[in-house]
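Enquirer: For reference, the file final.txt (compact mmCIF, N, CA and C atoms) is included below:
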```txt
# COMPACT_ATOMS: atom_id res chain seq x y z
N MET A 1 -2.09 -72.95 41.49
CA MET A 1 -1.33 -72.15 40.58
C MET A 1 -1.74 -72.42 39.13
N ALA A 2 -2.09 -73.68 38.83
CA ALA A 2 -2.51 -74.02 37.47
C ALA A 2 -3.78 -73.27 37.09
N GLY A 3 -4.68 -73.07 38.05
CA GLY A 3 -5.90 -72.33 37.79
C GLY A 3 -5.64 -70.88 37.43
N ILE A 4 -4.68 -70.27 38.09
CA ILE A 4 -4.30 -68.88 37.81
C ILE A 4 -3.70 -68.79 36.41
N ASP A 5 -2.81 -69.73 36.06
CA ASP A 5 -2.21 -69.73 34.72
C ASP A 5 -3.28 -69.89 33.65
N ALA A 6 -4.23 -70.76 33.86
CA ALA A 6 -5.31 -70.97 32.89
C ALA A 6 -6.15 -69.70 32.74
N MET A 7 -6.43 -69.02 33.85
CA MET A 7 -7.18 -67.77 33.78
C MET A 7 -6.40 -66.71 33.01
N ALA A 8 -5.10 -66.62 33.25
CA ALA A 8 -4.28 -65.64 32.56
C ALA A 8 -4.27 -65.92 31.05
N ARG A 9 -4.15 -67.18 30.66
CA ARG A 9 -4.16 -67.53 29.23
C ARG A 9 -5.52 -67.22 28.61
N ALA A 10 -6.59 -67.50 29.32
CA ALA A 10 -7.93 -67.21 28.80
C ALA A 10 -8.13 -65.71 28.64
N ASN A 11 -7.64 -64.93 29.60
CA ASN A 11 -7.75 -63.48 29.53
C ASN A 11 -6.94 -62.94 28.36
N ALA A 12 -5.74 -63.49 28.15
CA ALA A 12 -4.90 -63.03 27.05
C ALA A 12 -5.57 -63.30 25.71
N HIS A 13 -6.25 -64.44 25.58
CA HIS A 13 -6.94 -64.75 24.34
C HIS A 13 -8.16 -63.85 24.16
N ALA A 14 -8.76 -63.40 25.24
CA ALA A 14 -9.94 -62.55 25.15
C ALA A 14 -9.57 -61.13 24.71
N GLU A 15 -8.33 -60.71 24.99
CA GLU A 15 -7.89 -59.39 24.60
C GLU A 15 -7.46 -59.40 23.15
N SER A 16 -7.89 -58.40 22.44
CA SER A 16 -7.42 -58.27 21.07
C SER A 16 -7.36 -56.81 20.70
N VAL A 17 -6.51 -56.52 19.75
CA VAL A 17 -6.40 -55.18 19.21
C VAL A 17 -6.50 -55.31 17.70
N THR A 18 -7.15 -54.35 17.08
CA THR A 18 -7.36 -54.39 15.65
C THR A 18 -6.85 -53.12 15.02
N LEU A 19 -6.07 -53.29 13.99
CA LEU A 19 -5.63 -52.16 13.19
C LEU A 19 -6.66 -52.02 12.08
N GLY A 20 -7.38 -50.91 12.11
CA GLY A 20 -8.41 -50.70 11.09
C GLY A 20 -7.77 -50.40 9.74
N THR A 21 -8.58 -50.34 8.72
CA THR A 21 -8.08 -50.01 7.40
C THR A 21 -7.62 -48.56 7.38
N PRO A 22 -6.32 -48.36 7.15
CA PRO A 22 -5.82 -46.98 7.14
C PRO A 22 -6.37 -46.20 5.95
N ASP A 23 -6.63 -44.93 6.17
CA ASP A 23 -6.97 -44.08 5.02
C ASP A 23 -5.74 -43.23 4.72
N ARG A 24 -5.90 -42.23 3.91
CA ARG A 24 -4.77 -41.41 3.49
C ARG A 24 -4.06 -40.75 4.66
N ASP A 25 -4.81 -40.32 5.67
CA ASP A 25 -4.23 -39.56 6.78
C ASP A 25 -4.20 -40.29 8.11
N THR A 26 -5.05 -41.30 8.29
CA THR A 26 -5.29 -41.83 9.63
C THR A 26 -5.08 -43.34 9.71
N LEU A 27 -4.42 -43.75 10.78
CA LEU A 27 -4.23 -45.15 11.11
C LEU A 27 -5.05 -45.43 12.37
N PRO A 28 -6.18 -46.15 12.27
CA PRO A 28 -7.04 -46.38 13.43
C PRO A 28 -6.70 -47.68 14.18
N LEU A 29 -6.70 -47.61 15.50
CA LEU A 29 -6.54 -48.78 16.36
C LEU A 29 -7.78 -48.93 17.21
N SER A 30 -8.16 -50.18 17.48
CA SER A 30 -9.28 -50.41 18.38
C SER A 30 -9.04 -51.68 19.17
N GLY A 31 -9.71 -51.78 20.30
CA GLY A 31 -9.57 -52.93 21.19
C GLY A 31 -8.66 -52.62 22.35
N ALA A 32 -8.12 -53.67 22.96
CA ALA A 32 -7.26 -53.54 24.13
C ALA A 32 -5.81 -53.41 23.68
N LEU A 33 -5.17 -52.32 24.03
CA LEU A 33 -3.76 -52.08 23.69
C LEU A 33 -2.96 -52.28 24.97
N THR A 34 -2.60 -53.55 25.22
CA THR A 34 -2.01 -53.96 26.49
C THR A 34 -0.76 -54.81 26.27
N PHE A 35 -0.19 -55.28 27.39
CA PHE A 35 0.99 -56.13 27.32
C PHE A 35 0.78 -57.31 26.37
N SER A 36 -0.40 -57.87 26.35
CA SER A 36 -0.63 -59.06 25.52
C SER A 36 -0.89 -58.73 24.05
N THR A 37 -1.13 -57.47 23.71
CA THR A 37 -1.45 -57.13 22.32
C THR A 37 -0.53 -56.10 21.69
N ALA A 38 0.25 -55.40 22.48
CA ALA A 38 1.02 -54.25 21.98
C ALA A 38 2.06 -54.64 20.93
N ALA A 39 2.74 -55.75 21.10
CA ALA A 39 3.78 -56.13 20.13
C ALA A 39 3.17 -56.37 18.75
N ARG A 40 2.04 -57.05 18.71
CA ARG A 40 1.38 -57.31 17.43
C ARG A 40 0.86 -56.01 16.82
N ALA A 41 0.28 -55.15 17.66
CA ALA A 41 -0.22 -53.86 17.16
C ALA A 41 0.93 -53.02 16.60
N PHE A 42 2.06 -53.05 17.28
CA PHE A 42 3.22 -52.30 16.81
C PHE A 42 3.70 -52.83 15.45
N ALA A 43 3.84 -54.14 15.34
CA ALA A 43 4.31 -54.73 14.08
C ALA A 43 3.37 -54.41 12.92
N GLU A 44 2.07 -54.54 13.16
CA GLU A 44 1.08 -54.24 12.12
C GLU A 44 1.07 -52.75 11.79
N GLY A 45 1.20 -51.92 12.81
CA GLY A 45 1.23 -50.48 12.60
C GLY A 45 2.44 -50.03 11.81
N VAL A 46 3.59 -50.60 12.11
CA VAL A 46 4.81 -50.25 11.37
C VAL A 46 4.66 -50.64 9.90
N ARG A 47 4.09 -51.82 9.64
CA ARG A 47 3.87 -52.25 8.24
C ARG A 47 2.92 -51.27 7.53
N ALA A 48 1.85 -50.87 8.20
CA ALA A 48 0.90 -49.95 7.59
C ALA A 48 1.53 -48.59 7.34
N LEU A 49 2.32 -48.11 8.29
CA LEU A 49 2.98 -46.81 8.11
C LEU A 49 3.99 -46.85 6.97
N ALA A 50 4.65 -47.98 6.80
CA ALA A 50 5.63 -48.11 5.72
C ALA A 50 4.97 -48.08 4.34
N MET A 51 3.71 -48.49 4.29
CA MET A 51 3.01 -48.56 3.01
C MET A 51 2.17 -47.31 2.74
N GLY A 52 2.03 -46.41 3.72
CA GLY A 52 1.16 -45.25 3.56
C GLY A 52 1.87 -43.96 3.94
N ALA A 53 1.06 -42.93 4.14
CA ALA A 53 1.59 -41.62 4.50
C ALA A 53 0.78 -41.02 5.66
N GLN A 54 0.31 -41.87 6.56
CA GLN A 54 -0.54 -41.40 7.65
C GLN A 54 0.21 -40.45 8.57
N THR A 55 -0.52 -39.45 9.06
CA THR A 55 0.03 -38.49 10.01
C THR A 55 -0.76 -38.47 11.31
N ARG A 56 -1.79 -39.33 11.41
CA ARG A 56 -2.61 -39.41 12.63
C ARG A 56 -2.77 -40.86 13.05
N LEU A 57 -2.71 -41.07 14.35
CA LEU A 57 -3.03 -42.36 14.94
C LEU A 57 -4.30 -42.16 15.74
N ASP A 58 -5.38 -42.79 15.33
CA ASP A 58 -6.68 -42.61 15.97
C ASP A 58 -6.89 -43.73 16.99
N LEU A 59 -6.93 -43.36 18.26
CA LEU A 59 -7.11 -44.32 19.35
C LEU A 59 -8.54 -44.33 19.88
N GLY A 60 -9.47 -43.78 19.13
CA GLY A 60 -10.85 -43.69 19.57
C GLY A 60 -11.50 -45.03 19.86
N GLY A 61 -11.04 -46.08 19.23
CA GLY A 61 -11.62 -47.40 19.46
C GLY A 61 -10.90 -48.22 20.51
N VAL A 62 -9.86 -47.65 21.12
CA VAL A 62 -9.11 -48.39 22.15
C VAL A 62 -9.94 -48.42 23.43
N THR A 63 -10.20 -49.63 23.91
CA THR A 63 -11.05 -49.81 25.08
C THR A 63 -10.27 -49.89 26.38
N ARG A 64 -9.01 -50.28 26.29
CA ARG A 64 -8.17 -50.41 27.48
C ARG A 64 -6.73 -50.30 27.03
N ALA A 65 -5.88 -49.69 27.85
CA ALA A 65 -4.46 -49.56 27.51
C ALA A 65 -3.64 -49.54 28.79
N ASP A 66 -2.39 -49.96 28.66
CA ASP A 66 -1.46 -49.93 29.79
C ASP A 66 -0.12 -49.37 29.29
N SER A 67 0.93 -49.53 30.09
CA SER A 67 2.22 -48.95 29.72
C SER A 67 2.78 -49.57 28.44
N ALA A 68 2.50 -50.84 28.17
CA ALA A 68 2.94 -51.44 26.91
C ALA A 68 2.21 -50.80 25.74
N GLY A 69 0.95 -50.44 25.93
CA GLY A 69 0.21 -49.73 24.90
C GLY A 69 0.82 -48.37 24.62
N LEU A 70 1.22 -47.67 25.69
CA LEU A 70 1.88 -46.38 25.51
C LEU A 70 3.20 -46.56 24.77
N ALA A 71 3.96 -47.59 25.10
CA ALA A 71 5.21 -47.87 24.40
C ALA A 71 4.95 -48.14 22.92
N CYS A 72 3.87 -48.84 22.61
CA CYS A 72 3.49 -49.10 21.23
C CYS A 72 3.22 -47.79 20.49
N VAL A 73 2.46 -46.91 21.11
CA VAL A 73 2.14 -45.62 20.50
C VAL A 73 3.42 -44.81 20.27
N LEU A 74 4.31 -44.79 21.27
CA LEU A 74 5.58 -44.07 21.11
C LEU A 74 6.42 -44.69 19.99
N GLY A 75 6.43 -46.02 19.91
CA GLY A 75 7.17 -46.70 18.86
C GLY A 75 6.64 -46.39 17.48
N LEU A 76 5.31 -46.32 17.34
CA LEU A 76 4.72 -45.97 16.05
C LEU A 76 5.06 -44.54 15.67
N ALA A 77 5.07 -43.64 16.66
CA ALA A 77 5.46 -42.25 16.39
C ALA A 77 6.92 -42.19 15.94
N ALA A 78 7.78 -43.00 16.55
CA ALA A 78 9.19 -43.04 16.16
C ALA A 78 9.34 -43.59 14.75
N ALA A 79 8.58 -44.63 14.41
CA ALA A 79 8.64 -45.21 13.06
C ALA A 79 8.23 -44.17 12.02
N ALA A 80 7.18 -43.41 12.31
CA ALA A 80 6.75 -42.36 11.39
C ALA A 80 7.83 -41.28 11.27
N SER A 81 8.46 -40.94 12.38
CA SER A 81 9.52 -39.94 12.37
C SER A 81 10.70 -40.39 11.50
N HIS A 82 11.04 -41.66 11.58
CA HIS A 82 12.12 -42.19 10.74
C HIS A 82 11.75 -42.13 9.27
N ALA A 83 10.45 -42.11 8.97
CA ALA A 83 9.99 -42.01 7.59
C ALA A 83 9.80 -40.55 7.18
N GLY A 84 10.16 -39.62 8.06
CA GLY A 84 10.11 -38.20 7.72
C GLY A 84 8.80 -37.51 7.98
N ARG A 85 7.95 -38.09 8.82
CA ARG A 85 6.69 -37.41 9.13
C ARG A 85 6.37 -37.52 10.62
N GLN A 86 5.53 -36.61 11.09
CA GLN A 86 5.13 -36.61 12.49
C GLN A 86 3.78 -37.31 12.59
N LEU A 87 3.68 -38.22 13.55
CA LEU A 87 2.43 -38.94 13.78
C LEU A 87 1.77 -38.38 15.03
N GLY A 88 0.67 -37.67 14.86
CA GLY A 88 -0.07 -37.13 15.99
C GLY A 88 -1.14 -38.12 16.43
N VAL A 89 -1.46 -38.09 17.70
CA VAL A 89 -2.46 -39.00 18.25
C VAL A 89 -3.76 -38.25 18.49
N VAL A 90 -4.86 -38.84 18.04
CA VAL A 90 -6.18 -38.25 18.25
C VAL A 90 -7.06 -39.26 18.98
N HIS A 91 -8.07 -38.74 19.65
CA HIS A 91 -9.06 -39.54 20.38
C HIS A 91 -8.42 -40.46 21.42
N TRP A 92 -7.58 -39.86 22.23
CA TRP A 92 -6.90 -40.59 23.31
C TRP A 92 -7.90 -41.19 24.29
N PRO A 93 -7.72 -42.44 24.71
CA PRO A 93 -8.47 -42.92 25.87
C PRO A 93 -7.95 -42.15 27.10
N GLU A 94 -8.84 -41.79 27.99
CA GLU A 94 -8.47 -40.95 29.13
C GLU A 94 -7.31 -41.53 29.94
N GLY A 95 -7.35 -42.82 30.23
CA GLY A 95 -6.29 -43.44 31.03
C GLY A 95 -4.94 -43.42 30.34
N LEU A 96 -4.93 -43.59 29.03
CA LEU A 96 -3.66 -43.58 28.29
C LEU A 96 -3.09 -42.17 28.24
N ARG A 97 -3.96 -41.18 28.07
CA ARG A 97 -3.48 -39.79 28.08
C ARG A 97 -2.89 -39.45 29.45
N ALA A 98 -3.54 -39.90 30.53
CA ALA A 98 -3.02 -39.65 31.88
C ALA A 98 -1.67 -40.32 32.07
N LEU A 99 -1.52 -41.54 31.59
CA LEU A 99 -0.24 -42.23 31.69
C LEU A 99 0.83 -41.50 30.90
N ALA A 100 0.51 -41.03 29.71
CA ALA A 100 1.46 -40.26 28.90
C ALA A 100 1.87 -38.97 29.61
N ALA A 101 0.91 -38.33 30.28
CA ALA A 101 1.22 -37.11 31.02
C ALA A 101 2.14 -37.39 32.21
N VAL A 102 1.87 -38.45 32.94
CA VAL A 102 2.71 -38.83 34.08
C VAL A 102 4.13 -39.14 33.62
N CYS A 103 4.24 -39.77 32.46
CA CYS A 103 5.56 -40.13 31.90
C CYS A 103 6.20 -38.96 31.16
N ASP A 104 5.51 -37.84 31.09
CA ASP A 104 6.01 -36.62 30.45
C ASP A 104 6.30 -36.82 28.96
N VAL A 105 5.45 -37.59 28.27
CA VAL A 105 5.62 -37.81 26.84
C VAL A 105 4.40 -37.35 26.04
N GLU A 106 3.40 -36.82 26.71
CA GLU A 106 2.16 -36.44 26.05
C GLU A 106 2.40 -35.44 24.92
N THR A 107 3.27 -34.45 25.13
CA THR A 107 3.49 -33.44 24.11
C THR A 107 4.19 -34.01 22.88
N LEU A 108 4.87 -35.14 23.02
CA LEU A 108 5.49 -35.77 21.86
C LEU A 108 4.45 -36.37 20.91
N LEU A 109 3.25 -36.58 21.41
CA LEU A 109 2.24 -37.31 20.65
C LEU A 109 1.01 -36.49 20.30
N ASP A 110 0.99 -35.23 20.68
CA ASP A 110 -0.17 -34.41 20.36
C ASP A 110 -0.32 -34.26 18.85
N GLN A 111 -1.55 -34.15 18.40
CA GLN A 111 -1.83 -33.98 16.97
C GLN A 111 -1.16 -32.72 16.48
N PRO A 112 -0.33 -32.82 15.43
CA PRO A 112 0.30 -31.61 14.91
C PRO A 112 -0.74 -30.68 14.29
N ALA A 113 -0.44 -29.39 14.32
CA ALA A 113 -1.32 -28.40 13.72
C ALA A 113 -1.32 -28.59 12.21
N THR A 114 -2.48 -28.43 11.61
CA THR A 114 -2.56 -28.50 10.15
C THR A 114 -2.62 -27.08 9.62
N GLY A 115 -2.18 -26.93 8.40
CA GLY A 115 -2.29 -25.59 7.87
C GLY A 115 -1.49 -25.32 6.71
```
Can you present the structure in this file as structure tokens?
Expert:
Amino acid sequence: MAGIDAMARANAHAESVTLGTPDRDTLPLSGALTFSTAARAFAEGVRALAMGAQTRLDLGGVTRADSAGLACVLGLAAAASHAGRQLGVVHWPEGLRALAAVCDVETLLDQPATG
């Protein structure tokens, strides 16, 4: 059992998620958006959204995601909504988009139309 715990800890340390430098419109995420990284990504994303006016969450650099990653994305969209703006998601990883569709939340996160 100790060997399994050590492997799990090593795997958790190997996973990382990075919040890129936000620009005027876009908040980029990259890396693994999973149970071991989602809470940190959410906290950093909320701080960035509070300091900016981003309307897009770019997931193009996300290499792996799970249900905690989807919860993080939904939470960031909610934080933006509380600030009076809609946060659309662009460059979805295929697996995360499929999970959002199964959970029937995909339309909540689609990139809003510009115009």
Enquirer: May I have the residues within 8 Å of region 96-107 of chain A as a VMD selection string, using only N, CA and C atoms and disregarding those fewer than 2 positions away in the same chain?
Expert: chain A and resid 64 to 67 69 to 70 92 to 94 109 to 111
Enquirer: What parts of region 37-102 of chain A does DSSP call strand (DSSP E)? I'd like the answer as a PyMOL selection string.
Expert: chain A and resi 56-65+88-90
Enquirer: Find the distance between atom N of Cys72 (chain A) and CA of Phe35 (chain A) and write it in Å to one decimal.
Expert: 9.1 Å
Enquirer: Please identify all polymer residues within 9 Å of Leu57 (chain A), counting only C-alpha atoms, omitting same-chain residues fewer than 4 positions from it, and present them as a list of chain:residue names.
Expert: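 Result of the neighbour search: A:Asp25, A:Thr26, A:Leu27, A:Pro28, A:Leu29, A:Val73, A:Leu76, A:Ala77, A:Leu87, A:Gly88, A:Val89, A:Val90, A:His91, A:Gln111.
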Enquirer: Report, in Å to a single decimal, how far apart atom N of Gly75 (chain A) and atom C of Arg47 (chain A) are.
Expert: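 Atom N of Gly75 (chain A) lies at a distance of 13.9 Å from atom C of Arg47 (chain A).
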Enquirer: If we count only N, CA and C atoms, what is near Ala83 (chain A) at a cut-off of 8 Å, once residues fewer than 4 positions away on the same chain are taken out, given as a list in words?
Expert: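 Here the answer would be Leu49, Ala50, Ala77, Ala78 and Ala79 of chain A.
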Enquirer: May I have the residues from that selection written out with N, CA and C atoms, as a tab-separated table (two decimals), keeping the file's coordinate frame?
Expert:
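Generated output (part-v1.tsv):
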```
chain	number	residue	atom	x	y	z
A	49	LEU	N	2.32	-48.11	8.29
A	49	LEU	CA	2.98	-46.81	8.11
A	49	LEU	C	3.99	-46.85	6.97
A	50	ALA	N	4.65	-47.98	6.80
A	50	ALA	CA	5.63	-48.11	5.72
A	50	ALA	C	4.97	-48.08	4.34
A	77	ALA	N	5.07	-43.64	16.66
A	77	ALA	CA	5.46	-42.25	16.39
A	77	ALA	C	6.92	-42.19	15.94
A	78	ALA	N	7.78	-43.00	16.55
A	78	ALA	CA	9.19	-43.04	16.16
A	78	ALA	C	9.34	-43.59	14.75
A	79	ALA	N	8.58	-44.63	14.41
A	79	ALA	CA	8.64	-45.21	13.06
A	79	ALA	C	8.23	-44.17	12.02
```
Enquirer: Of the residues A:Gln86, A:Ser16, A:Ser81, A:Thr55, which is the one nearest to Ser30 (chain A), using only N, CA and C atoms?
Expert: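 Under the stated criterion, the closest residue is A:Ser16.
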